[in-house]
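K.L.:
Contents of entry-v3.txt (compact mmCIF, C-alpha atoms):
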```
# COMPACT_ATOMS: atom_id res chain seq x y z
CA MET A 1 151.16 -34.75 -40.02
CA LEU A 2 153.93 -34.78 -42.59
CA GLY A 3 156.55 -32.06 -42.62
CA LEU A 4 156.57 -31.49 -38.86
CA SER A 5 159.86 -30.86 -37.11
CA ARG A 6 160.89 -33.22 -34.33
CA SER A 7 160.53 -30.41 -31.80
CA SER A 8 156.87 -29.94 -32.77
CA ILE A 9 154.28 -30.74 -30.11
CA PHE A 10 152.23 -32.47 -32.84
CA TYR A 11 155.22 -34.67 -33.65
CA SER A 12 155.71 -35.45 -29.95
CA ILE A 13 152.06 -36.40 -29.41
CA THR A 14 152.04 -38.55 -32.58
CA PHE A 15 155.27 -40.24 -31.51
CA ILE A 16 153.85 -40.95 -28.03
CA PHE A 17 150.64 -42.32 -29.58
CA ILE A 18 152.55 -44.64 -31.93
CA LEU A 19 154.89 -45.71 -29.13
CA GLY A 20 151.94 -46.39 -26.82
CA THR A 21 150.07 -48.35 -29.51
CA VAL A 22 153.12 -50.47 -30.31
CA GLY A 23 153.75 -51.06 -26.60
CA ILE A 24 150.16 -52.13 -25.95
CA GLY A 25 150.21 -54.31 -29.08
CA LEU A 26 153.37 -56.08 -27.92
CA ALA A 27 151.86 -56.50 -24.44
CA PHE A 28 148.73 -58.10 -25.90
CA LEU A 29 150.80 -60.40 -28.12
CA TRP A 30 152.79 -61.49 -25.08
CA LEU A 31 149.56 -61.94 -23.09
CA MET A 32 148.03 -64.05 -25.85
CA ASP A 33 151.13 -66.23 -26.10
CA TYR A 34 151.32 -66.58 -22.30
CA ASP A 35 147.62 -67.42 -22.02
CA LYS A 36 147.87 -69.85 -24.92
CA GLN A 37 150.69 -71.74 -23.24
CA ASN A 38 148.82 -71.89 -19.92
CA TYR A 39 145.58 -72.96 -21.56
CA THR A 40 147.40 -75.59 -23.63
CA ASN A 41 148.99 -77.00 -20.46
CA GLU A 42 145.58 -76.99 -18.79
CA LEU A 43 144.02 -78.87 -21.74
CA ASN A 44 146.89 -81.37 -21.87
CA THR A 45 146.44 -82.16 -18.17
CA ARG A 46 142.69 -82.51 -18.54
CA TYR A 47 142.92 -84.72 -21.63
CA SER A 48 145.68 -86.85 -20.09
CA ILE A 49 143.55 -87.63 -17.02
CA THR A 50 140.49 -88.22 -19.19
CA SER A 51 142.33 -90.55 -21.58
CA ASN A 52 143.95 -92.61 -18.80
CA ALA A 53 140.72 -92.97 -16.87
CA THR A 54 138.78 -94.00 -20.00
CA LEU A 55 141.46 -96.54 -21.04
CA TYR A 56 141.47 -98.07 -17.55
CA LYS A 57 137.69 -98.35 -17.69
CA LEU A 58 137.73 -99.98 -21.15
CA ALA A 59 140.47 -102.38 -20.01
CA GLY A 60 138.48 -103.32 -16.91
CA LEU A 61 141.08 -101.86 -14.58
CA MET A 62 138.63 -99.26 -13.16
CA ASN A 63 134.98 -99.70 -12.21
CA GLN A 64 132.21 -97.26 -13.11
CA SER A 65 132.16 -95.61 -9.70
CA GLU A 66 135.88 -94.92 -9.73
CA TYR A 67 135.60 -93.67 -13.32
CA GLN A 68 132.88 -91.22 -12.38
CA ASN A 69 134.94 -89.94 -9.48
CA GLN A 70 137.84 -89.31 -11.86
CA MET A 71 135.65 -87.55 -14.41
CA GLU A 72 133.46 -85.50 -12.08
CA ASN A 73 135.62 -82.35 -12.48
CA PHE A 74 135.64 -82.53 -16.29
CA ASN A 75 132.64 -81.64 -18.40
CA MET A 76 133.06 -84.38 -21.00
CA TYR A 77 130.13 -85.57 -23.10
CA GLU A 78 130.16 -89.04 -24.73
CA ILE A 79 129.11 -89.09 -28.40
CA SER A 80 126.90 -92.18 -29.04
CA ASP A 81 125.69 -91.57 -32.61
CA PRO A 82 127.79 -93.88 -34.90
CA SER A 83 127.35 -91.60 -37.96
CA GLN A 84 128.51 -88.56 -36.01
CA ILE A 85 131.45 -90.53 -34.62
CA GLU A 86 132.45 -91.56 -38.14
CA LEU A 87 132.09 -87.99 -39.44
CA ILE A 88 134.33 -86.60 -36.71
CA LYS A 89 136.91 -89.34 -37.18
CA THR A 90 137.12 -88.84 -40.96
CA THR A 91 136.90 -85.07 -41.24
CA GLY A 92 138.40 -83.90 -37.93
CA VAL A 93 142.04 -82.88 -37.52
CA ILE A 94 144.13 -85.01 -35.14
CA LEU A 95 146.07 -82.59 -32.95
CA GLN A 96 147.86 -85.18 -30.85
CA GLU A 97 147.84 -89.01 -30.57
CA ILE A 98 149.36 -91.17 -27.81
CA THR A 99 149.76 -94.97 -27.85
CA THR A 100 150.18 -97.00 -24.65
CA LYS A 101 150.25 -100.71 -23.82
CA ILE A 102 146.51 -100.80 -23.16
CA GLY A 103 145.34 -98.62 -26.04
CA THR A 104 145.51 -95.28 -27.84
CA ALA A 105 144.17 -91.78 -27.22
CA ALA A 106 143.87 -88.94 -29.73
CA ILE A 107 142.79 -85.29 -29.50
CA ILE A 108 140.65 -84.31 -32.51
CA PHE A 109 139.69 -80.76 -33.57
CA TYR A 110 136.38 -80.58 -35.39
CA ASN A 111 134.01 -77.67 -36.00
CA LYS A 112 135.79 -75.47 -33.42
CA HIS A 113 135.48 -78.12 -30.70
CA HIS A 114 137.87 -80.59 -29.07
CA PHE A 115 137.14 -84.33 -28.96
CA VAL A 116 139.03 -87.16 -27.24
CA MET A 117 139.01 -90.52 -29.05
CA VAL A 118 140.00 -93.44 -26.75
CA LYS A 119 140.55 -96.98 -28.15
CA HIS A 120 141.17 -100.30 -26.36
CA ALA A 121 141.22 -103.43 -28.47
CA ASP A 122 137.97 -103.31 -30.42
CA LYS A 123 136.32 -100.80 -28.08
CA GLU A 124 136.34 -97.02 -28.59
CA ILE A 125 134.76 -94.01 -26.94
CA LEU A 126 134.50 -90.46 -28.39
CA LEU A 127 134.23 -87.69 -25.78
CA GLN A 128 133.48 -84.01 -26.46
CA ASP A 129 135.05 -81.35 -24.21
CA LEU A 130 132.16 -79.06 -23.39
CA ASP A 131 134.41 -76.68 -21.43
CA TYR A 132 136.66 -75.88 -24.41
CA GLN A 133 136.59 -72.14 -25.25
CA PRO A 134 137.24 -71.60 -28.97
CA TYR A 135 136.46 -67.86 -28.59
CA ARG A 136 139.01 -67.30 -25.80
CA TYR A 137 141.61 -65.56 -28.05
CA ASP A 138 138.93 -63.65 -29.95
CA ILE A 139 137.97 -61.97 -26.67
CA ILE A 140 141.57 -60.85 -26.16
CA LYS A 141 141.64 -59.48 -29.72
CA VAL A 142 138.39 -57.59 -29.14
CA ILE A 143 139.80 -56.11 -25.92
CA PHE A 144 142.94 -54.98 -27.79
CA CYS A 145 140.82 -53.39 -30.53
CA LEU A 146 138.77 -51.52 -27.93
CA VAL A 147 141.91 -50.25 -26.17
CA PHE A 148 143.39 -49.17 -29.53
CA LEU A 149 140.12 -47.44 -30.45
CA ILE A 150 140.15 -45.56 -27.13
CA LEU A 151 143.76 -44.47 -27.76
CA LEU A 152 142.92 -43.38 -31.30
CA VAL A 153 139.89 -41.34 -30.17
CA THR A 154 142.02 -39.76 -27.43
CA TYR A 155 144.76 -38.91 -29.96
CA ILE A 156 142.27 -37.34 -32.39
CA PHE A 157 140.65 -35.38 -29.56
CA ILE A 158 143.99 -34.00 -28.35
CA ILE A 159 145.14 -33.10 -31.88
CA ARG A 160 141.86 -31.30 -32.55
CA LYS A 161 142.17 -29.39 -29.28
CA ILE A 162 145.71 -28.16 -30.00
CA LYS A 163 145.25 -27.73 -33.75
CA PRO A 164 144.64 -23.96 -33.31
CA LEU A 165 148.28 -23.75 -32.14
CA ARG A 166 149.43 -24.32 -35.75
CA LYS A 167 147.20 -21.51 -36.99
CA LEU A 168 148.37 -19.28 -34.15
CA LYS A 169 152.01 -20.03 -35.03
CA ARG A 170 151.39 -19.00 -38.65
CA GLU A 171 149.84 -15.72 -37.50
CA ILE A 172 152.75 -15.10 -35.09
CA ASN A 173 155.21 -15.68 -37.96
CA LYS A 174 153.29 -13.15 -40.07
CA PHE A 175 153.48 -10.65 -37.22
CA ALA A 176 157.21 -11.31 -36.77
CA SER A 177 157.79 -10.58 -40.46
CA GLY A 178 156.00 -7.23 -40.10
CA ASP A 179 152.55 -8.16 -41.40
CA LEU A 180 149.92 -6.79 -39.01
CA ASN A 181 147.00 -8.09 -41.07
CA ILE A 182 146.53 -11.23 -39.01
CA LYS A 183 143.42 -13.32 -38.39
CA ASP A 184 141.68 -14.11 -35.14
CA VAL A 185 142.16 -17.89 -34.85
CA SER A 186 140.58 -18.25 -31.40
CA ARG A 187 137.91 -20.93 -31.24
CA GLY A 188 136.00 -21.93 -28.13
CA LYS A 189 136.73 -21.04 -24.52
CA ASP A 190 139.88 -23.04 -23.72
CA GLU A 191 143.30 -21.67 -22.78
CA ILE A 192 144.66 -21.86 -26.34
CA SER A 193 141.74 -19.78 -27.60
CA ASP A 194 142.34 -17.30 -24.78
CA VAL A 195 146.01 -16.93 -25.81
CA ALA A 196 145.07 -16.57 -29.50
CA SER A 197 142.45 -13.94 -28.66
CA ALA A 198 144.88 -11.99 -26.44
CA PHE A 199 147.52 -12.08 -29.18
CA TYR A 200 145.04 -10.88 -31.81
CA ASN A 201 143.84 -8.02 -29.59
CA SER A 202 147.43 -6.99 -28.86
CA VAL A 203 148.36 -6.90 -32.55
CA MET A 204 145.23 -4.94 -33.37
CA GLN A 205 146.21 -2.40 -30.69
CA ILE A 206 149.71 -2.14 -32.18
CA LYS A 207 148.18 -1.70 -35.61
CA ARG A 208 145.94 1.11 -34.37
CA LEU A 209 148.91 2.79 -32.66
CA ASN A 210 150.99 2.56 -35.85
CA GLU A 211 148.17 4.01 -37.90
CA SER A 212 147.77 6.84 -35.39
CA ARG A 213 151.51 7.50 -35.39
CA ALA A 214 151.67 7.52 -39.18
CA LEU A 215 148.70 9.90 -39.37
CA PHE A 216 150.24 12.14 -36.72
CA LEU A 217 153.59 12.30 -38.51
CA ARG A 218 151.97 12.96 -41.87
CA ASN A 219 150.00 15.83 -40.38
CA ILE A 220 153.13 17.30 -38.77
CA MET A 221 155.10 17.08 -42.01
CA HIS A 222 152.23 18.57 -43.96
CA GLU A 223 151.90 21.46 -41.53
CA LEU A 224 155.66 22.08 -41.59
CA LYS A 225 155.88 22.04 -45.38
CA THR A 226 153.41 24.90 -45.72
CA PRO A 227 155.40 27.56 -43.78
CA ILE A 228 158.66 26.27 -45.28
CA THR A 229 157.25 26.66 -48.79
CA LYS A 230 155.90 30.13 -48.00
CA GLY A 231 159.22 31.14 -46.47
CA ARG A 232 161.08 29.89 -49.52
CA ILE A 233 158.80 31.89 -51.84
CA THR A 234 159.25 35.00 -49.69
CA VAL A 235 163.05 34.64 -49.72
CA GLU A 236 163.03 34.29 -53.51
CA MET A 237 161.32 37.66 -53.71
CA ILE A 238 163.89 39.62 -51.68
CA GLU A 239 167.05 41.21 -53.08
CA LYS A 240 169.63 38.70 -54.26
CA ASN A 241 172.68 38.75 -51.97
CA LYS A 242 174.65 36.42 -49.74
CA TYR A 243 171.95 36.51 -47.06
CA GLN A 244 169.31 35.40 -49.58
CA GLU A 245 171.54 32.51 -50.63
CA ARG A 246 172.02 31.46 -47.02
CA LEU A 247 168.28 31.65 -46.34
CA ILE A 248 167.52 29.61 -49.47
CA SER A 249 170.10 27.06 -48.32
CA VAL A 250 168.42 26.89 -44.91
CA PHE A 251 164.98 26.31 -46.42
CA GLU A 252 166.42 23.67 -48.77
CA LYS A 253 167.95 21.97 -45.75
CA LEU A 254 164.59 22.07 -43.95
CA GLU A 255 162.90 20.49 -46.99
CA GLU A 256 165.57 17.78 -47.05
CA LEU A 257 165.02 17.13 -43.34
CA ILE A 258 161.26 16.80 -43.82
CA ASN A 259 161.77 14.32 -46.67
CA GLU A 260 164.37 12.48 -44.62
CA PHE A 261 162.00 12.36 -41.67
CA ALA A 262 159.32 10.76 -43.86
CA ALA A 263 161.78 8.18 -45.19
CA VAL A 264 163.07 7.37 -41.72
CA GLU A 265 159.54 6.90 -40.41
CA ARG A 266 158.93 4.38 -43.19
CA ALA A 267 162.18 2.53 -42.47
CA THR A 268 161.72 2.29 -38.72
CA ALA A 269 158.08 1.20 -38.98
CA ILE A 270 157.41 -2.53 -39.08
CA ILE A 271 156.85 -2.73 -42.83
CA ASP A 272 158.62 -4.15 -45.86
CA ILE A 273 160.55 -1.86 -48.14
CA SER A 274 158.65 -1.72 -51.41
CA ASP A 275 160.45 1.10 -53.27
CA MET A 276 163.43 -1.00 -54.38
CA GLY A 277 165.27 -0.17 -57.57
CA GLU A 278 168.65 -0.56 -59.26
CA CYS A 279 171.28 2.08 -58.64
CA MET A 280 175.05 2.49 -58.47
CA LEU A 281 176.75 2.31 -55.09
CA ASN A 282 178.78 5.45 -55.77
CA GLU A 283 175.59 7.32 -56.65
CA LEU A 284 174.30 6.47 -53.17
CA ILE A 285 177.49 7.73 -51.55
CA TYR A 286 177.40 10.92 -53.61
CA GLU A 287 173.75 11.52 -52.65
CA ALA A 288 174.66 10.93 -48.98
CA ILE A 289 177.47 13.51 -49.16
CA LYS A 290 175.10 15.94 -50.83
CA ILE A 291 172.36 15.74 -48.20
CA ALA A 292 174.95 15.71 -45.39
CA MET A 293 176.14 19.06 -46.77
CA VAL A 294 179.83 18.39 -46.08
CA ASP A 295 182.90 19.12 -48.09
CA LYS A 296 183.51 16.09 -50.30
CA SER A 297 187.21 16.36 -49.54
CA ARG A 298 186.40 15.10 -46.07
CA VAL A 299 184.97 11.88 -47.51
CA GLU A 300 187.62 9.61 -49.03
CA ASN A 301 185.67 7.16 -51.14
CA LEU A 302 187.71 4.07 -52.02
CA ALA A 303 184.71 1.79 -52.52
CA SER A 304 184.44 -0.37 -55.62
CA ASP A 305 181.44 0.74 -57.61
CA MET A 306 178.73 -1.82 -58.26
CA LYS A 307 175.13 -1.99 -59.30
CA ILE A 308 172.84 -2.83 -56.41
CA ARG A 309 169.14 -3.12 -55.77
CA ALA A 310 168.03 -0.96 -52.86
CA ASP A 311 165.77 1.85 -51.70
CA PHE A 312 167.91 4.74 -52.96
CA LYS A 313 166.52 7.34 -50.57
CA LEU A 314 166.66 5.22 -47.43
CA LEU A 315 170.11 3.73 -47.97
CA SER A 316 171.56 7.14 -48.82
CA ILE A 317 170.15 8.41 -45.50
CA ALA A 318 171.88 5.55 -43.67
CA ILE A 319 175.21 6.43 -45.30
CA LYS A 320 174.58 10.11 -44.62
CA ASN A 321 174.10 9.43 -40.90
CA ILE A 322 177.43 7.58 -40.73
CA ILE A 323 179.10 10.55 -42.43
CA ASP A 324 177.38 12.91 -39.97
CA ASN A 325 178.75 10.90 -37.04
CA ALA A 326 182.23 11.02 -38.56
CA MET A 327 182.04 14.79 -38.92
CA LYS A 328 180.94 15.15 -35.29
CA TYR A 329 182.98 12.57 -33.42
CA SER A 330 186.11 11.60 -35.41
CA ASP A 331 189.38 13.22 -34.50
CA ASP A 332 190.14 14.51 -38.00
CA LYS A 333 186.50 15.11 -39.08
CA LYS A 334 186.98 12.74 -41.99
CA VAL A 335 185.71 9.33 -43.08
CA LYS A 336 187.14 6.69 -45.42
CA ILE A 337 184.76 4.41 -47.30
CA PHE A 338 185.76 0.93 -48.52
CA THR A 339 184.13 -2.17 -49.93
CA LYS A 340 185.64 -5.25 -48.33
CA ASN A 341 184.47 -8.86 -47.78
CA ASN A 342 180.94 -8.16 -49.03
CA SER A 343 180.68 -5.17 -46.70
CA LEU A 344 180.52 -1.41 -47.09
CA GLU A 345 182.93 -0.06 -44.45
CA PHE A 346 183.31 3.42 -42.94
CA HIS A 347 186.62 4.12 -41.16
CA THR A 348 186.72 7.05 -38.72
CA LEU A 349 189.78 8.03 -36.69
CA GLY A 350 189.28 8.24 -32.93
CA ASP A 351 189.09 6.49 -29.59
CA GLU A 352 187.28 3.20 -29.33
CA MET A 353 183.66 3.38 -28.20
CA SER A 354 183.32 2.53 -24.53
CA GLY A 355 180.32 0.22 -25.08
CA LYS A 356 179.13 -2.32 -27.60
CA LEU A 357 177.30 -1.29 -30.77
CA GLU A 358 174.06 -2.86 -29.47
CA TYR A 359 173.98 -0.17 -26.80
CA TYR A 360 174.50 2.75 -29.19
CA ILE A 361 171.86 1.69 -31.73
CA GLU A 362 169.17 2.19 -29.11
CA PRO A 363 167.22 5.46 -29.63
CA PHE A 364 168.70 8.53 -27.90
CA THR A 365 171.65 6.65 -26.47
CA LYS A 366 174.07 8.74 -24.43
CA GLY A 367 177.68 7.68 -24.03
CA ASP A 368 180.14 8.44 -21.29
CA ASN A 369 180.95 11.80 -22.82
CA ALA A 370 179.75 14.18 -25.50
CA LYS A 371 181.79 12.43 -28.15
CA GLN A 372 179.63 9.35 -27.78
CA SER A 373 176.13 10.81 -27.80
CA PHE A 374 174.56 9.34 -30.93
CA GLY A 375 170.87 10.20 -30.45
CA LEU A 376 168.80 8.62 -33.24
CA GLY A 377 171.57 8.45 -35.84
CA LEU A 378 172.81 4.89 -35.40
CA TYR A 379 169.32 3.65 -34.56
CA ILE A 380 168.12 4.91 -37.95
CA VAL A 381 171.14 3.38 -39.68
CA ASP A 382 170.52 0.00 -38.04
CA SER A 383 166.82 0.06 -38.99
CA ILE A 384 167.50 0.88 -42.63
CA VAL A 385 170.33 -1.66 -42.96
CA LYS A 386 168.16 -4.41 -41.43
CA ALA A 387 165.28 -3.48 -43.73
CA HIS A 388 167.64 -4.21 -46.66
CA GLY A 389 168.52 -7.65 -45.28
CA MET A 390 172.02 -6.62 -44.17
CA LYS A 391 173.66 -6.36 -40.75
CA PHE A 392 175.10 -3.24 -39.12
CA SER A 393 178.33 -3.97 -37.22
CA HIS A 394 181.29 -2.21 -35.59
CA ARG A 395 184.90 -3.04 -34.77
CA TYR A 396 187.93 -1.09 -33.63
CA GLU A 397 191.03 -1.54 -35.77
CA ASN A 398 194.38 0.32 -35.86
CA GLY A 399 193.01 3.45 -34.20
CA TYR A 400 189.87 3.56 -36.37
CA ASN A 401 186.23 2.88 -35.53
CA VAL A 402 184.99 0.78 -38.44
CA PHE A 403 181.25 0.76 -39.08
CA SER A 404 180.12 -1.86 -41.64
CA PHE A 405 177.04 -2.72 -43.67
CA VAL A 406 177.58 -6.49 -43.81
CA GLY A 407 175.93 -8.47 -46.62
CA LEU A 408 176.38 -6.07 -49.52
CA ASP A 409 176.44 -9.06 -51.87
CA LYS A 410 172.73 -9.59 -51.10
CA LEU A 411 171.98 -6.31 -52.88
CA SER A 412 174.53 -6.64 -55.67
CA VAL A 413 173.24 -6.92 -59.23
CA LYS A 414 176.63 -7.05 -60.97
CA GLU A 415 180.09 -5.55 -60.68
CA VAL A 416 180.93 -2.51 -62.82
CA PRO A 417 184.74 -2.23 -63.15
CA ASN A 418 186.89 0.84 -63.77
CA LEU A 419 184.36 3.57 -62.96
CA GLU A 420 185.41 6.93 -61.60
CA LYS A 421 185.60 7.43 -57.84
CA ILE A 422 183.13 9.81 -56.30
CA ASP A 423 185.91 12.15 -55.19
CA GLU A 424 186.85 12.60 -58.83
CA ILE A 425 183.37 13.82 -59.85
```
So that I can check it, write out the structure of this file as structure tokens.
P.N.:
Amino acid sequence: MLGLSRSSIFYSITFIFILGTVGIGLAFLWLMDYDKQNYTNELNTRYSITSNATLYKLAGLMNQSEYQNQMENFNMYEISDPSQIELIKTTGVILQEITTKIGTAAIIFYNKHHFVMVKHADKEILLQDLDYQPYRYDIIKVIFCLVFLILLVTYIFIIRKIKPLRKLKREINKFASGDLNIKDVSRGKDEISDVASAFYNSVMQIKRLNESRALFLRNIMHELKTPITKGRITVEMIEKNKYQERLISVFEKLEELINEFAAVERATAIIDISDMGECMLNELIYEAIKIAMVDKSRVENLASDMKIRADFKLLSIAIKNIIDNAMKYSDDKKVKIFTKNNSLEFHTLGDEMSGKLEYYIEPFTKGDNAKQSFGLGLYIVDSIVKAHGMKFSHRYENGYNVFSFVGLDKLSVKEVPNLEKIDEI
């Protein structure tokens, strides 16, 4: 059970088991001590009466009838064999010895039995206590062991019953990280198995839906590429003029949109980005301006260039979408790009957004007016930025809406000083 957090149910059950065992152990120790004291007092009273009565009898101060009346409640047996008496006297352990004016009395422990040796002048009597219980404390120990064994069996049973929770937690963590290849950890017919089975079935349904969606999108893109390609070939065959150039530009834009659509589908799906490579930050910005098809004079790039590790296509699409929003919704149709505090920032002039960013990154969000209708743009940006381990944020500062990719240092490979700005290319 090592390595469990203190909030773990396994930790809690183990702690309760240990606490219960310690508590029961302390209770049994107290019970043994309490019983030992009571039993010792009981023995002392019995042996005191026995010793006094026997001394009075040996001294002639009590007749046989009176002696029997005194001893009728005590199961004491008189040892008459001289060799046995000598053996007990020489090898037994004297627990207590009392001397009075008429004689002495001693309690002797021998072979797990108690004996009372009474002496008066030259007379002595050795009595064995037949009621003494040498196994009394062993019974208490056996009872404690049985109770502990019951607790231990109960603990093992409970741990075995909830053990599938640990496996289920591992599968849930895999699902949370985007891995849909989980295992069915349900065992038996209890509630935990029911939950595990329901979770597995749900994930399998999500997996089938994702596969269907991916297949559907691939088919759509494939079907769209065919007429686009044919249209492009047809345009190439007509007379070269400004209309041909415009048509070619339109078909190129359609091809870019198809490729962008494929990249966006990969970014917004619950998968890890695998196409990571090293590139320059300014190359990303330049590619974003290119696919956004805007005049580069409208993009003031003041970002420090650096080598980063990212999915070039996806991250350029995220930057492109921010530029698109700036062209649509900023007052001056321009955007300024900075690198600041491990963030890539985009400054656009205009009124502050009426809601929080969390609202606008939802798909097809509509604002209070046309200037705040972001559709899928910011949703795509947020998905791509998160896929790269960064955070997409917004603040309003000095009349500018500032959109930031926070955590740029997580992608940085090394700084490259004194490189040309993109607006100088």
K.L.:
Find the distance between atom CA of Leu130 of chain A and atom CA of Leu146 of chain A and write it in Å to one decimal.
P.N.:
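Distance between the two atoms: 28.7 Å.
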K.L.:
To one decimal in Å, tell me the separation between atom CA of Leu247 of chain A and atom CA of Ser330 of chain A.
P.N.:
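Atom-to-atom, atom CA of Leu247 of chain A and atom CA of Ser330 of chain A are spaced 29.0 Å apart.
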K.L.:
What does the distance between atom CA of Asp351 of chain A and atom CA of Gly399 of chain A come to in Å, to one decimal place?
P.N.:
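Computing it gives 6.8 Å between the two atoms.
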K.L.:
Under the rule that only C-alpha atoms are counted, which of A:Asn259, A:Gln133, A:Gln128, A:Gln64 is the nearest residue to Thr40 of chain A?
P.N.:
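Among the listed residues, A:Gln133 lies closest to Thr40 of chain A.
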K.L.:
Point out the residue among A:Val402, A:Ile384, A:Ile317, A:Leu408 with the least atom-to-atom distance to Ile337 of chain A, counting only C-alpha atoms.
P.N.:
A:Val402
K.L.:
Around the point (148.1, -86.4, -29.2), in the coordinates given by the file, pick out the residues reaching within 9 Å, counting only C-alpha atoms, and return them as a list of chain:residue names.
P.N.:
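All residues meeting the 9 Å criterion around (148.1, -86.4, -29.2) are A:Asn44, A:Ile94, A:Leu95, A:Gln96, A:Glu97, A:Ile98, A:Thr99, A:Ala105, A:Ala106, A:Ile107, A:Ile108.
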K.L.:
From the set A:Asp190, A:Asp131, A:Asp179, A:Glu278, which residue has the shortest atom-to-atom contact distance to Ile162 of chain A, counting only C-alpha atoms?
P.N.:
A:Asp190
K.L.:
Dig up all the protein and nucleic acid residues within 7 Å of (185.8, 4.7, -47.7) in the file frame, using all atoms listed in the file, and format them as an MDAnalysis selection string.
P.N.:
chainID A and resid 300:303 335:338 345:347
K.L.:
With all atoms listed in the file as the atoms that count, which of A:Leu344, A:Ile156, A:Ala27, A:Val203 lies nearest to Leu281 of chain A?
P.N.:
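Looking at the shortest contact to Leu281 of chain A, the residue is A:Leu344.
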K.L.:
Edge lengths and centre, in Å to one decimal, as JSON: that's what I need for the box along x, y and z that holds all listed atoms of segment 36-51 of chain A plus 5 Å on each side.
P.N.:
```
{"center_x": 145.6, "center_y": -80.2, "center_z": -21.0, "size_x": 20.2, "size_y": 30.7, "size_z": 17.9}
```
K.L.:
Missing atoms in segment 245-256 of chain A: can you complete it with N, CA and C atoms, as a PDB file, in the coordinates of the input?
P.N.:
```
ATOM      1  N   GLU A 245     171.030  33.844 -50.319  1.00  0.00           N
ATOM      2  CA  GLU A 245     171.540  32.510 -50.630  1.00  0.00           C
ATOM      3  C   GLU A 245     171.578  31.628 -49.375  1.00  0.00           C
ATOM      4  N   ARG A 246     171.964  32.224 -48.264  1.00  0.00           N
ATOM      5  CA  ARG A 246     172.020  31.460 -47.020  1.00  0.00           C
ATOM      6  C   ARG A 246     170.606  31.039 -46.576  1.00  0.00           C
ATOM      7  N   LEU A 247     169.656  31.971 -46.707  1.00  0.00           N
ATOM      8  CA  LEU A 247     168.280  31.650 -46.340  1.00  0.00           C
ATOM      9  C   LEU A 247     167.701  30.545 -47.231  1.00  0.00           C
ATOM     10  N   ILE A 248     167.983  30.652 -48.542  1.00  0.00           N
ATOM     11  CA  ILE A 248     167.520  29.610 -49.470  1.00  0.00           C
ATOM     12  C   ILE A 248     168.126  28.262 -49.086  1.00  0.00           C
ATOM     13  N   SER A 249     169.437  28.296 -48.733  1.00  0.00           N
ATOM     14  CA  SER A 249     170.100  27.060 -48.320  1.00  0.00           C
ATOM     15  C   SER A 249     169.462  26.483 -47.065  1.00  0.00           C
ATOM     16  N   VAL A 250     169.075  27.369 -46.140  1.00  0.00           N
ATOM     17  CA  VAL A 250     168.420  26.890 -44.910  1.00  0.00           C
ATOM     18  C   VAL A 250     167.084  26.243 -45.227  1.00  0.00           C
ATOM     19  N   PHE A 251     166.277  26.880 -46.079  1.00  0.00           N
ATOM     20  CA  PHE A 251     164.980  26.310 -46.420  1.00  0.00           C
ATOM     21  C   PHE A 251     165.134  25.003 -47.197  1.00  0.00           C
ATOM     22  N   GLU A 252     166.156  24.929 -48.060  1.00  0.00           N
ATOM     23  CA  GLU A 252     166.420  23.670 -48.770  1.00  0.00           C
ATOM     24  C   GLU A 252     166.780  22.569 -47.788  1.00  0.00           C
ATOM     25  N   LYS A 253     167.580  22.943 -46.778  1.00  0.00           N
ATOM     26  CA  LYS A 253     167.950  21.970 -45.750  1.00  0.00           C
ATOM     27  C   LYS A 253     166.726  21.509 -44.982  1.00  0.00           C
ATOM     28  N   LEU A 254     165.809  22.437 -44.662  1.00  0.00           N
ATOM     29  CA  LEU A 254     164.590  22.070 -43.950  1.00  0.00           C
ATOM     30  C   LEU A 254     163.721  21.121 -44.787  1.00  0.00           C
ATOM     31  N   GLU A 255     163.659  21.379 -46.108  1.00  0.00           N
ATOM     32  CA  GLU A 255     162.900  20.490 -46.990  1.00  0.00           C
ATOM     33  C   GLU A 255     163.527  19.096 -47.012  1.00  0.00           C
ATOM     34  N   GLU A 256     164.867  19.060 -47.066  1.00  0.00           N
ATOM     35  CA  GLU A 256     165.570  17.780 -47.050  1.00  0.00           C
ATOM     36  C   GLU A 256     165.287  17.026 -45.750  1.00  0.00           C
TER      37      GLU A 256
END
```
